[in-house]
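J.: Sharing a structure, written as structure tokens. Questions coming.
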Amino acid sequence: MKEFLNEVAGQTLLRLVSRGSAIIAELLRLSAHVPAVFRLDDPAMQRKYGNILFDFKYLTNSDLYETRIEQSADLIDIDQEFRENHLEILRRFYLLFESIFKYIKDFRHYLQDLEAGVFIQLTLEIILMNGDGKQLMAESLYLYGVMLILLDSRIEGIVRERMLISYLRYKGQTELPHIDDVCMLCRSTGHSGLPGTSNAGASSSASSSSSSSDKKGAKDKYPDDYFARFPVPAQVVSMVIGRLRSDDIYNMTAAFPLPEHRSTALATQAQMLYVILYFAPDILHNQQAVMREIVDKHFPDNWVLAYYLGFTVDLSVAWDSYRAAKMALANTITLPNVQSLTSKFWARVITVRKEVRAFLVEGVLVEEYILDNIPKLLACLREANVTLRWLMLHTNASNNKKLRDLVSTGSESGKVSAAATAAGQTFLQDDVLALLLDLGQLEYVLKNVFQALLDSKQAKWQEYQKQGSERMTELGEYFSGEKALTRVKKNEHLQNWFLEMGRQIGALDYGDSTTAGRKMQQLIQALVEVEQFHQIESSLQVKQFLIDTRQFLYQMIRIVNVKEEVLITLGLVADISYAWDIIDNYVDLMQKGIKNDPGLVLKLRSTFLKLASILDLPLVRINQAQSNDLMSVSEYYSTELVQYVRKVLEIVPKSMFIILKQIINMQTKEMQELPTKVEKERLRDFAQLDQRFELARATHAISVFTEGILAMETTLVGIIKVDPKQLLEDGIRKELVQQIAFAMDRTLVFNTKGSSSGNNKIDDTETKLRDLGTLLDGFRRSFQYIQDYVNIQGLKIWQEEFSRIVNFYVEQECNSFLKKKTYDWQSQYQNSAIPIPLYSQPIGSESVNFIGRLARELLAQTTCKSTIYLDQMSAWYEPSTGRELVGIRTMSILLRSVGVFGITGLDKLLSFMIVKDLQTFVGQIRSATERTFKGFLAELENVLNPTTTIPTNTQKLYMTALARTKPMFALFLDTVARIGQMQLLRRQIANLLNFTSKLDSNALYCALDTANKSLITDVEMHYVNPDAKPYPSEDSPLLSDLSRYLETAGINDPYTKIYITTLPLDGFPCLMFLSVVGQLGRFEFNNALNAVVPKKGKDAYDWQPFVVGVVTLLKQFHALHTQKFLAYIGQYIRGLMNVNLNPTAKDIGKESEATGGYPEDVIPVLLFVEEFCRVAHLSRKAVEGAFPAYILDNFKH
């Protein structure tokens, strides 16, 4: 055996099998993360990506498909966005597909080398005669078959094709040398799994309707053609099947010696035969004798098996289309045989469970009992595990409804009512679960005791040997007659005999257990016979010494029999990897048991450890080959197992939160807060004894639920250490996240149809925000209340999870503004153990989640078309009634409902919206300028330059220019006003955060403010003396981290923020000047409000958002653009003033006292200049160069 593994041929085959196990682990890992876009199930995705995702039809005429994309600017953008978002995941999937191809390629190459004699003195026949050789050869072929089955069942054919074509388009064929072979291997079969397997189903519409590679009549030849795409030599398949038919290649009959357990002993070979037979379909179809031999040996009493880990198959369905296989299996699945097997195994459940429970009685499984009853214990474990295996497979994984119903009811009558079937199944599955839990506990105890015995085996053996030898030596001295106070006549013969016995006991060799065992039996017999001597028989003390020595020798014999082989046998017998998928069906029953008895968690711990046997199959060869994949594969399966543990135990936090809702209700609605002072007569009323008793009862119920988990010991599940306290905390966090996310998603739903009036609508919004604030405040208070009773840090958990929820939803909402998206499973805020749920949104909704809905609701309530923003009041008002709609009051309610994290999340989302609008607008302006206005703007700038002069024919020039650019005014006004509206909201948020930070954490605020000022001073000094004062390094997180803190504390000014980087745009200041001047006629000064307001009309826009939007837009360009813009404004003012000073006959008398002598067209421009300078933080000096200072000095309004 060792010789083959030490040779090159053995090592090569071992590494190949190791690779196979790693590939399957990667396949399972990736198949759980197939992007939904490749399925195109969603109509929206179909519309967006349907024209860039192709199946293998693309290969027939790739130029046609590429031309369609290249001719559409939208498709080019979508294709580029898709590439940025999916290239990495496509690379991983392609490497997976390619690794499967390379696996079969290397296996076939190995067989060719073997046939060509590359491995000297080794042939296929010789390898199959070797113990390790036949195992590895069978496993290598078997694992390839498993890859094919799982590939087709876990990743749909059409999805594989779309992934491959997408990756081919993005990488090019030259970088993918194996692409043709990979495409041949992975092309769609038109099916979603083999018949009868646990993952099989009806052919999906996606995989059967749109794939180009499906052939007519493929259904009849599936999976034969699929397994023949890269065929394995028929002789190799035949010889491997021959070995599996005739030999017990894993020597499992040693672990299951009883003939009635043969099918369980050969279960590993049976699953390999099931897979490998697909490489030899002729046997399944025509060779009835061979199939009969296989069935009689491997499937005489079972028809459901796990073909790999927890993936099961029902042979009565899987072999239905194979004539020979179906006929061979017919005897097994006859109704009388099924009824007989069902009765036998259900009867065994009761008897075996009694035996197991008898062993588990406290005080039974002591060390001496276990050492004396190893065969009996192993026999019980074998019987229990065989029974458990048969029942779990045949009641849960059978796809044959008739047989499954018959087995599940436990009745010999195949015809039972539906109600009886349901009731019977529930009852019987409870018995199966109880057996599983008891059996896991027994195995856990036995393994621990045996391991402890093995660890201390030599020390105990030597201790007993020393004690026995000393007893014999003392007896020898006793019969010497010289020892004081013995008063015994000297007996030299007995003296020498006992001394010799002591020497022989001391000379026993621990290393030679066989010889030592025989010798100890002889010594025990001699000690029994020596008791017959009169001198010994009359002395109770001597007899006791002899009894003690015999006991020591008996213990030494027992310890000699403690061998590692017992633990190995125990591990083989206790294997439950076949139930990896089935065990999910018992989650509800387990949770029900925990709910009724929290102490059941202790039994579940041993069951979870029993489930860890799943790691043995994929890791044994990887470990043997010393592969680098060991940690990756171990981590995957261990993580999956830990996820299952969490899934079962999550009933504890769920039950806690059900009780917590009662506590929330009591604390928010029933319990009165005790005032600072209370009258003595009213003290009883505030005591609220009944309510406090109910609160105490609910609190006690919560603490009881947590006792079970906290009583668990830290457990190593695979390579992951499971800490029960951490497990409980994670479960509480998970349930808390579900509750908070659900509350926010369901509460923050707003009426977007606009049926309500403005007053009612803001009232509805504020009511929803108050309701959410009350709900979350109740959660927080109650969570803090119970934290000491369940030994957790409640407030810390609340803050961490609430921030994670909001940040995650903000990130997902912002995805719609990004080309490279962050999918939920890629998010830094998402956690597989504590997942944040994603909720579906109504069709047509712009928002992805409640954060988007809240932001858009605020924008709807503050729209610049129907509200007026008064900067003095920091609020939006309804013009017709003068009622405040959104202001400091609304912001306070918002803070109470979504907290600081929600407010900062809204701020971030508004920033993304501004960026999107700015990018779109700048792109449109650039396009329009290049297409329409470039020549005109150049001519106009030539006329207006230099701006220090006044152009001739001023009024006509400006009127002509304004008329020419009028088509841009609507787009300009709408975009600028919307950007300004969002900037005003950001300013309100910054003010709120600033005030809250000063109030709640003044020390932090002062520290941040000081750090900010210091950093600004350092940066300014850098520009004064760059050599002596270096700028902060790009690698330093100082600027980015401090900026994030400053924004959270409200120490920022949104008006001065640069959102986008832009390239120089010729004529932009001139175009901005014309666009602004063209809109100023819409506004007038209102003396009553002391503010500029829109003139009455149906296309009214608010003044303040307009000015702020202009400031923000200019801020995105170089400062020279702003200077030039103001120069044009100044030139315009001077020109109009000049016309006013030299009026024509028809203009005389137009001025009135109301305008203070200023032309009517100049007044809104001067109002704009004043407000622009205030918002942009510009001094008077910035505009005094554009027009004389006295114009503003004398301007009164």
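Each chain of the structure tokens is named A, B, ... in the order shown, its residues numbered from 1; ligands are numbered from 1 in display order.
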List as a PyMOL selection string the protein and nucleic acid residues near range 1164-1168 of chain A, meaning an atom at most 9 Å away when only C-alpha atoms are counted, but skip any in the same chain fewer than 2 places from it.

T.: chain A and resi 1076-1077+1080-1081+1083-1085+1092+1107+1129+1132-1133+1160-1162+1170-1173+1191-1192+1195+1197

J.: Find the spatial neighbours of Ala963 in chain A, counting only C-alpha atoms, within a cut-off of 12 Å - ignore same-chain residues fewer than 5 positions away - and output them as a VMD selection string.

T.: chain A and resid 956 to 958 968 to 969 1074 to 1075 1077 to 1078

J.: Which residues are near Ala1028 in chain A? Cut-off 12 Å, only C-alpha atoms, ignore same chain within fewer than 5 positions. Put them as a tab-separated table (two decimals) with all heavy atoms, in the first residue's frame.

T.:
```
chain	number	residue	atom	x	y	z
A	1018	ASP	N	-2.05	73.84	8.25
A	1018	ASP	CA	-0.88	73.13	7.72
A	1018	ASP	C	-0.88	73.11	6.19
A	1018	ASP	O	0.18	73.27	5.57
A	1018	ASP	CB	-0.85	71.70	8.26
A	1018	ASP	CG	-0.47	71.65	9.74
A	1018	ASP	OD1	-0.01	72.68	10.24
A	1018	ASP	OD2	-0.68	70.60	10.37
A	1019	VAL	N	-2.04	72.89	5.61
A	1019	VAL	CA	-2.12	72.85	4.14
A	1019	VAL	C	-1.81	74.24	3.57
A	1019	VAL	O	-1.09	74.36	2.56
A	1019	VAL	CB	-3.53	72.38	3.69
A	1019	VAL	CG1	-3.69	72.53	2.18
A	1019	VAL	CG2	-3.75	70.92	4.08
A	1021	MET	N	0.08	76.47	4.94
A	1021	MET	CA	1.52	76.68	5.12
A	1021	MET	C	2.32	75.91	4.07
A	1021	MET	O	3.41	76.33	3.68
A	1021	MET	CB	1.94	76.26	6.52
A	1021	MET	CG	1.43	77.17	7.63
A	1021	MET	SD	1.98	78.87	7.43
A	1021	MET	CE	3.76	78.67	7.60
A	1022	HIS	N	1.79	74.78	3.65
A	1022	HIS	CA	2.47	73.99	2.61
A	1022	HIS	C	2.60	74.81	1.33
A	1022	HIS	O	3.67	74.79	0.68
A	1022	HIS	CB	1.70	72.70	2.35
A	1022	HIS	CG	2.06	72.04	1.03
A	1022	HIS	ND1	3.26	71.38	0.84
A	1022	HIS	CD2	1.38	71.98	-0.15
A	1022	HIS	CE1	3.30	70.93	-0.40
A	1022	HIS	NE2	2.17	71.28	-1.02
A	1023	TYR	N	1.53	75.50	0.97
A	1023	TYR	CA	1.58	76.28	-0.27
A	1023	TYR	C	2.46	77.52	-0.12
A	1023	TYR	O	2.94	78.07	-1.11
A	1023	TYR	CB	0.17	76.67	-0.70
A	1023	TYR	CG	-0.61	75.48	-1.23
A	1023	TYR	CD1	-1.62	74.89	-0.48
A	1023	TYR	CD2	-0.29	74.92	-2.46
A	1023	TYR	CE1	-2.32	73.79	-0.95
A	1023	TYR	CE2	-0.99	73.82	-2.95
A	1023	TYR	CZ	-1.99	73.26	-2.20
A	1023	TYR	OH	-2.67	72.17	-2.66
```

J.: So that I can check the surroundings of range 656-668 of chain A, please list as a PyMOL selection string every protein, DNA and RNA residue that reaches within 12 Å of it, counting only C-alpha atoms and ignoring chain neighbours fewer than 4 positions away.

T.: chain A and resi 595+598+649-652+672-673+688+690-707+728-729+731-740+773-787+789-790

J.: Name the closest residue to Tyr829 in chain A among the candidates A:Asn807, A:Ser845, A:Asn251, A:Ser188; distances are taken between atoms, counting only C-alpha atoms.

T.: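 Nearest candidate to Tyr829 in chain A out of A:Asn807, A:Ser845, A:Asn251, A:Ser188: A:Asn807.
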
J.: In Å, how far is it from CA of Leu600 in chain A to CA of Ser655 in chain A?

T.: 14.9 Å

J.: Using DSSP on the backbone, list every residue of range 66-270 of chain A that comes out as helix (DSSP H, G or I), and give them as a VMD selection string.

T.: chain A and resid 66 to 70 73 to 116 124 to 129 131 to 154 157 to 171 173 to 175 179 to 186 205 to 209 218 to 221 224 to 227 234 to 246 252 to 254 259 to 265 267 to 270

J.: Do a neighbour search on range 133-138 of chain A at 8 Å with only C-alpha atoms, toss out local chain neighbours closer than 4 positions, and write the hits as a ChimeraX atom specification.

T.: /A:1,4,10,13-14,17,127-129,142,240,243,249-250,272

J.: Considering only C-alpha atoms, return as a PyMOL selection string whatever protein or nucleic-acid residues lie within 12 Å of range 554-557 of chain A, sequence-local ones (same chain, fewer than 6 positions apart) excluded.

T.: chain A and resi 367-369+371-372+453+457-468+505+508-510+513-525+547-548+563

J.: Just want the 8 Å neighbourhood of Glu355 in chain A, counted on only C-alpha atoms, with same-chain residues fewer than 4 positions away dropped. Output as a PyMOL selection string.

T.: chain A and resi 351+359+380

J.: Export N, CA, C and O atoms of the chosen residues as a short mmCIF file (atom, residue, chain, number, x, y, z; two decimals), in the first residue's frame?

T.:
```cif
data_model
loop_
_atom_site.label_atom_id
_atom_site.label_comp_id
_atom_site.auth_asym_id
_atom_site.auth_seq_id
_atom_site.Cartn_x
_atom_site.Cartn_y
_atom_site.Cartn_z
N THR A 351 -36.57 -0.02 19.84
CA THR A 351 -35.66 -0.87 20.62
C THR A 351 -34.27 -0.24 20.74
O THR A 351 -33.68 -0.23 21.83
N PHE A 359 -27.81 3.32 28.10
CA PHE A 359 -26.39 3.63 28.23
C PHE A 359 -26.17 5.05 28.74
O PHE A 359 -25.17 5.34 29.41
N CYS A 380 -24.35 -1.77 19.47
CA CYS A 380 -25.50 -0.86 19.61
C CYS A 380 -25.38 0.33 18.67
O CYS A 380 -26.36 0.72 18.02
#
```

J.: Can you work out the spacing between CA of Leu53 in chain A and CA of Pro177 in chain A in Å, to one decimal?

T.: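 The value is 21.9 Å.
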
J.: Figure out the distance between CA of Lys1124 in chain A and CA of Val1183 in chain A, please, to one decimal in Å.

T.: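 Here the two named atoms are 10.6 Å from each other.
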
J.: For a quick check of understanding, using only C-alpha atoms, which of A:Phe608, A:Tyr1031, A:Phe1106, A:Phe299 has the smallest distance to Gln441 in chain A?

T.: A:Phe608

J.: Let me make sure I understand: among A:Gly852, A:Gly593, A:Pro879, A:Gly440, which one has the smallest atom-to-atom distance to Phe912 in chain A if we use only C-alpha atoms?

T.: A:Gly852
